[in-house]
Structure formats: C-alpha cells, structure tokens
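S.K.: Structure provided below as structure tokens; questions to follow.
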Amino acid sequence: MLLVLRFTIGTKFKVEGDVPTKPVLILSKHQSAWETIAYNHIIHRPAFILKEELMWIPFFGLYLKAVGMIALDRRGTLQALKKLIRDSKKVIARDRLIIMFPEGTRSAPGSKGSYKKGAFLLYKNLGVSVVPVALNSGVFWPRRTFMKYKGTITVKFLPPIPPGLSEKEFMHKIEEKIEQESLKLFNQVEKLKKI
C-alpha cells in the first residue's frame, strides 16, 4: 500500500529513532489515517487500541478482531477500563507491541488535543516502557478530506520512558515530548514550503 502511494501520489516516508522490537506501549501523535496504515509496515505485528465502534463494521470488525486489535469502550466505565487493561496485558504476554493515540482522535498539524488519562492507566498497569512517537503525516494526508499531497512524512521514535513515574510526571513528559517534536517536524515542512 505504501509503495502504491509513493508512486501514485508521491508520498514517501522516513523513520527516525529506534523502532521498538520488544513489547512496549507506543504513544503516538495522530494526525491522519496514514499512520494507521504505515505502522503495520514499520512495526512488526502491532496491536492498536481503537474505538469499539470500529469492531461493529461488517467484515472489517471481524478482521480487526482476528488480528488482535484492542477495542476501547470510550464511555470510560470502570468495567471498560478493567477490560482495556486485561486485553492489553494479553497482547503484551504474546510478545506484541501496543499502539495508542493518547489524544483519542486526530488533530491537525501544529495543534494539540487533550491527552487522555487512559495512557497513564496502561503505563501504570502494563509494567513496560512507553515509546513516544512524533510525526507530521497530517501535512501530506490532512484529516477530513480525500486530498493527499506529495512529500516525505517523518515518523520519529523518541527515547523510551521507563515504568515508575507518577501520573503528573508521566502525562507532562509524554505530552511535552510528542508535541514539541511533532511541532518541530511540522515547522520543518512549513519552512520548505516557503523556499
């Protein structure tokens, strides 16, 4: 799929930093549908945490379940959170990585959504490192439109955050790292546009 996009639209990508190979929780900026496609090529057998409603789509929902994706009931009840932790622990036990978008939805390049506390809940309960990821995919694959643009998307894997931080420290650290690096990547593209 990414090869087709490269030759039809001219959208390429590059990866910076160390792509994790052992079970970790990846917390990524989410700007477009591109990363949901690309991460399956960049990361070996990832399990995405996704909104439960996607599991209800005929055939597609069955596929998501078959490949081991983790459904999140966004109502946030205690039972839903316990299920999220239980399902995530099963995925980690199978030696897989988990990808979560801590803002819960796509945000436009240069903007920031609200970081959800579910990211800390998993960090606290899984006992694995968290790898923050910054990107600029929304510049070339904007949300809410079919328009796609030529250019090179950058995905940057940042240094891991080991277990053990308090909620306040953790939430501050992931938000700061992801947002600062994503903004840098966005600004690099904007500078090139002006040349």
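Residues are referred to by chain and number: the chain letter is A, B, ... according to the order shown in the structure tokens, the number counts from 1 in that chain, and ligands are numbered separately from 1 in the order shown.
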Show me a table, sorted first by chain and then by increasing residue number, of the residues of region 45-118 of chain A having an atom at most 10 Å from region 23-38 of chain A, each with its shortest atom pair and the distance in Å to one decimal, counting only C-alpha atoms and written as a tab-separated table.
M.R.:
residue	atom	partner	partner_atom	distance
A:Pro46	CA	A:Pro23	CA	9.4
A:Ala47	CA	A:Leu25	CA	9.8
A:Phe48	CA	A:Thr36	CA	8.4
A:Ser88	CA	A:Leu25	CA	9.4
A:Val91	CA	A:Pro23	CA	8.7
A:Ile92	CA	A:Pro23	CA	5.7
A:Ala93	CA	A:Pro23	CA	8.3
A:Arg94	CA	A:Pro23	CA	8.7
A:Asp95	CA	A:Pro23	CA	5.5
A:Arg96	CA	A:Pro23	CA	5.2
A:Leu97	CA	A:Pro23	CA	4.5
A:Ile98	CA	A:Leu25	CA	5.0
A:Ile99	CA	A:Ile26	CA	4.7
A:Met100	CA	A:Leu27	CA	5.1
A:Phe101	CA	A:Ser28	CA	5.2
A:Pro102	CA	A:Leu27	CA	6.2
A:Glu103	CA	A:His30	CA	7.5
A:Gly104	CA	A:His30	CA	8.2
A:Thr105	CA	A:His30	CA	6.7
A:Arg106	CA	A:Gln31	CA	4.6
A:Ser107	CA	A:Gln31	CA	5.0
A:Ala108	CA	A:Gln31	CA	5.8
A:Pro109	CA	A:Gln31	CA	6.6
A:Gly110	CA	A:Gln31	CA	9.7
A:Ser111	CA	A:Gln31	CA	9.5
A:Lys112	CA	A:Lys29	CA	9.2
A:Gly113	CA	A:Lys29	CA	9.6
S.K.: Next, the residues of the selection above should be written as a compact mmCIF listing (two decimals), in the first residue's frame with N, CA and C atoms.
M.R.:
# COMPACT_ATOMS: atom_id res chain seq x y z
N PRO A 46 1.89 -4.95 15.24
CA PRO A 46 1.37 -4.08 16.31
C PRO A 46 -0.09 -4.37 16.60
N ALA A 47 -0.50 -4.10 17.81
CA ALA A 47 -1.92 -4.16 18.18
C ALA A 47 -2.35 -2.73 18.51
N PHE A 48 -3.31 -2.23 17.77
CA PHE A 48 -3.81 -0.88 18.01
C PHE A 48 -4.92 -0.90 19.06
N SER A 88 -5.02 -5.64 27.08
CA SER A 88 -3.67 -5.15 26.78
C SER A 88 -2.60 -6.06 27.37
N VAL A 91 -2.08 -9.02 25.13
CA VAL A 91 -1.30 -8.69 23.93
C VAL A 91 0.19 -8.63 24.27
N ILE A 92 0.54 -7.97 25.36
CA ILE A 92 1.94 -7.88 25.80
C ILE A 92 2.49 -9.28 26.09
N ALA A 93 1.69 -10.14 26.70
CA ALA A 93 2.11 -11.51 27.01
C ALA A 93 2.39 -12.31 25.74
N ARG A 94 1.76 -11.93 24.63
CA ARG A 94 2.00 -12.59 23.34
C ARG A 94 3.20 -11.98 22.60
N ASP A 95 3.97 -11.17 23.32
CA ASP A 95 5.19 -10.57 22.78
C ASP A 95 4.92 -9.58 21.64
N ARG A 96 3.82 -8.84 21.77
CA ARG A 96 3.46 -7.83 20.76
C ARG A 96 3.55 -6.43 21.36
N LEU A 97 3.63 -5.45 20.49
CA LEU A 97 3.64 -4.04 20.90
C LEU A 97 2.22 -3.50 20.79
N ILE A 98 1.92 -2.50 21.59
CA ILE A 98 0.61 -1.86 21.56
C ILE A 98 0.80 -0.41 21.12
N ILE A 99 -0.08 0.03 20.22
CA ILE A 99 -0.07 1.42 19.77
C ILE A 99 -1.34 2.09 20.24
N MET A 100 -1.15 3.23 20.89
CA MET A 100 -2.30 4.02 21.37
C MET A 100 -2.08 5.47 20.94
N PHE A 101 -3.17 6.12 20.57
CA PHE A 101 -3.13 7.55 20.25
C PHE A 101 -3.69 8.28 21.46
N PRO A 102 -2.82 8.87 22.31
CA PRO A 102 -3.26 9.39 23.60
C PRO A 102 -4.23 10.57 23.54
N GLU A 103 -4.33 11.23 22.38
CA GLU A 103 -5.32 12.30 22.25
C GLU A 103 -6.70 11.73 21.95
N GLY A 104 -6.74 10.47 21.56
CA GLY A 104 -8.01 9.81 21.32
C GLY A 104 -8.62 10.06 19.95
N THR A 105 -8.10 11.01 19.21
CA THR A 105 -8.61 11.34 17.89
C THR A 105 -7.52 12.08 17.11
N ARG A 106 -7.78 12.30 15.84
CA ARG A 106 -6.78 13.01 15.02
C ARG A 106 -6.79 14.50 15.34
N SER A 107 -5.61 15.10 15.28
CA SER A 107 -5.51 16.55 15.46
C SER A 107 -4.74 17.11 14.27
N ALA A 108 -5.07 18.33 13.88
CA ALA A 108 -4.42 18.97 12.74
C ALA A 108 -2.95 19.25 13.06
N PRO A 109 -2.09 19.26 12.03
CA PRO A 109 -0.68 19.58 12.27
C PRO A 109 -0.55 20.95 12.94
N GLY A 110 0.32 21.02 13.93
CA GLY A 110 0.53 22.27 14.65
C GLY A 110 -0.46 22.51 15.77
N SER A 111 -1.44 21.61 15.92
CA SER A 111 -2.42 21.76 17.01
C SER A 111 -2.29 20.59 17.97
N LYS A 112 -2.90 20.74 19.13
CA LYS A 112 -2.79 19.73 20.17
C LYS A 112 -4.16 19.43 20.75
N GLY A 113 -4.45 18.15 20.85
CA GLY A 113 -5.68 17.73 21.51
C GLY A 113 -5.43 17.51 22.99
S.K.: For the structure I just gave you, how does DSSP split chain A - specifically, which residues are strand (DSSP E)? Reply as a PDB file with C-alpha atoms, in the first residue's frame.
M.R.:
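out.pdb, freshly written:
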ATOM      1  CA  THR A  11       4.008  10.411  -0.634  1.00  0.00           C
ATOM      2  CA  LYS A  12       7.168   8.926   0.863  1.00  0.00           C
ATOM      3  CA  PHE A  13       8.165   8.470   4.469  1.00  0.00           C
ATOM      4  CA  LYS A  14      11.236   8.259   6.627  1.00  0.00           C
ATOM      5  CA  VAL A  15      11.691   6.871  10.113  1.00  0.00           C
ATOM      6  CA  GLU A  16      13.957   8.482  12.695  1.00  0.00           C
ATOM      7  CA  LEU A  25       3.380   0.757  24.724  1.00  0.00           C
ATOM      8  CA  ILE A  26       3.774   3.171  21.816  1.00  0.00           C
ATOM      9  CA  LEU A  27       2.034   6.515  22.329  1.00  0.00           C
ATOM     10  CA  SER A  28       1.818   8.295  19.008  1.00  0.00           C
ATOM     11  CA  ALA A  47      -1.920  -4.163  18.180  1.00  0.00           C
ATOM     12  CA  PHE A  48      -3.811  -0.884  18.013  1.00  0.00           C
ATOM     13  CA  ILE A  49      -6.122   0.371  20.713  1.00  0.00           C
ATOM     14  CA  LEU A  50      -9.125   1.579  18.769  1.00  0.00           C
ATOM     15  CA  LYS A  51     -12.646   2.752  19.417  1.00  0.00           C
ATOM     16  CA  ILE A  70      -7.863  -3.957  21.295  1.00  0.00           C
ATOM     17  CA  ALA A  71     -11.335  -2.417  21.447  1.00  0.00           C
ATOM     18  CA  LEU A  72     -11.818   0.571  23.749  1.00  0.00           C
ATOM     19  CA  ILE A  98       0.610  -1.859  21.560  1.00  0.00           C
ATOM     20  CA  ILE A  99      -0.068   1.420  19.770  1.00  0.00           C
ATOM     21  CA  MET A 100      -2.295   4.020  21.370  1.00  0.00           C
ATOM     22  CA  VAL A 130       6.469   3.735  26.763  1.00  0.00           C
ATOM     23  CA  VAL A 131       7.865   4.912  23.438  1.00  0.00           C
ATOM     24  CA  PRO A 132       6.530   8.344  22.409  1.00  0.00           C
ATOM     25  CA  VAL A 133       6.237   8.964  18.659  1.00  0.00           C
ATOM     26  CA  ALA A 134       6.080  12.309  16.860  1.00  0.00           C
ATOM     27  CA  LEU A 135       5.086  12.732  13.220  1.00  0.00           C
ATOM     28  CA  GLY A 151       6.144  14.925   0.144  1.00  0.00           C
ATOM     29  CA  THR A 152       8.030  12.991   2.794  1.00  0.00           C
ATOM     30  CA  ILE A 153       6.282  12.141   6.046  1.00  0.00           C
ATOM     31  CA  THR A 154       8.601  11.847   9.039  1.00  0.00           C
ATOM     32  CA  VAL A 155       7.900   9.422  11.880  1.00  0.00           C
ATOM     33  CA  LYS A 156      10.200   9.962  14.860  1.00  0.00           C
ATOM     34  CA  PHE A 157      10.508   7.343  17.606  1.00  0.00           C
TER      35      PHE A 157
END
S.K.: Based on the backbone DSSP call, show me all residues of region 21-57 of chain A assigned helix (DSSP H, G or I), as a PyMOL selection string.
M.R.: chain A and resi 34-42+52-56
S.K.: For the residues selected in the previous step, produce a file with N, CA and C atoms as a CSV table (one decimal), in the first residue's frame.
M.R.:
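Ended up saving to again.csv:
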chain,number,residue,atom,x,y,z
A,34,TRP,N,-3.0,7.9,7.7
A,34,TRP,CA,-1.8,7.4,7.1
A,34,TRP,C,-1.1,6.5,8.2
A,35,GLU,N,-1.0,7.0,9.4
A,35,GLU,CA,-0.2,6.2,10.4
A,35,GLU,C,-0.9,4.9,10.7
A,36,THR,N,-2.2,4.8,10.6
A,36,THR,CA,-2.8,3.5,10.9
A,36,THR,C,-2.5,2.5,9.8
A,37,ILE,N,-2.2,3.0,8.6
A,37,ILE,CA,-1.7,2.1,7.6
A,37,ILE,C,-0.2,1.8,7.7
A,38,ALA,N,0.5,2.9,7.9
A,38,ALA,CA,2.0,2.8,7.9
A,38,ALA,C,2.6,2.0,9.0
A,39,TYR,N,2.0,2.1,10.2
A,39,TYR,CA,2.5,1.4,11.4
A,39,TYR,C,2.5,-0.1,11.2
A,40,ASN,N,1.6,-0.6,10.4
A,40,ASN,CA,1.6,-2.0,10.1
A,40,ASN,C,2.8,-2.4,9.3
A,41,HIS,N,3.5,-1.5,8.6
A,41,HIS,CA,4.6,-1.8,7.8
A,41,HIS,C,5.9,-1.5,8.5
A,42,ILE,N,5.8,-0.5,9.4
A,42,ILE,CA,7.0,0.0,10.2
A,42,ILE,C,7.3,-0.9,11.4
A,52,GLU,N,-14.2,1.1,20.1
A,52,GLU,CA,-15.0,-0.1,20.0
A,52,GLU,C,-16.0,-0.1,18.8
A,53,GLU,N,-16.5,1.1,18.4
A,53,GLU,CA,-17.4,1.2,17.3
A,53,GLU,C,-16.9,0.6,16.0
A,54,LEU,N,-15.5,0.6,15.8
A,54,LEU,CA,-14.9,0.1,14.6
A,54,LEU,C,-15.1,-1.4,14.5
A,55,MET,N,-15.3,-2.1,15.6
A,55,MET,CA,-15.5,-3.5,15.6
A,55,MET,C,-16.9,-3.9,15.1
A,56,TRP,N,-17.8,-3.0,15.1
A,56,TRP,CA,-19.1,-3.2,14.6
A,56,TRP,C,-19.3,-3.1,13.1
S.K.: Between A:Lys83, A:Lys184, A:Arg74, A:Lys22, which has the minimum distance to Asn136 (chain A) (counting only C-alpha atoms)?
M.R.: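 Among the listed residues, A:Lys184 lies closest to Asn136 (chain A).
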S.K.: Find the residue from A:Asp87, A:Asp18, A:Glu167, A:Glu176 that sits nearest to Leu121 (chain A); use only C-alpha atoms when measuring.
M.R.: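 Looking at the shortest contact to Leu121 (chain A), the residue is A:Glu167.
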S.K.: Might you pull out every residue within 7 Å of region 122-126 of chain A, with only C-alpha atoms counted and same-chain residues fewer than 3 positions away left off, and present them as a ChimeraX atom specification?
M.R.: /A:85,89,118-119,130,163
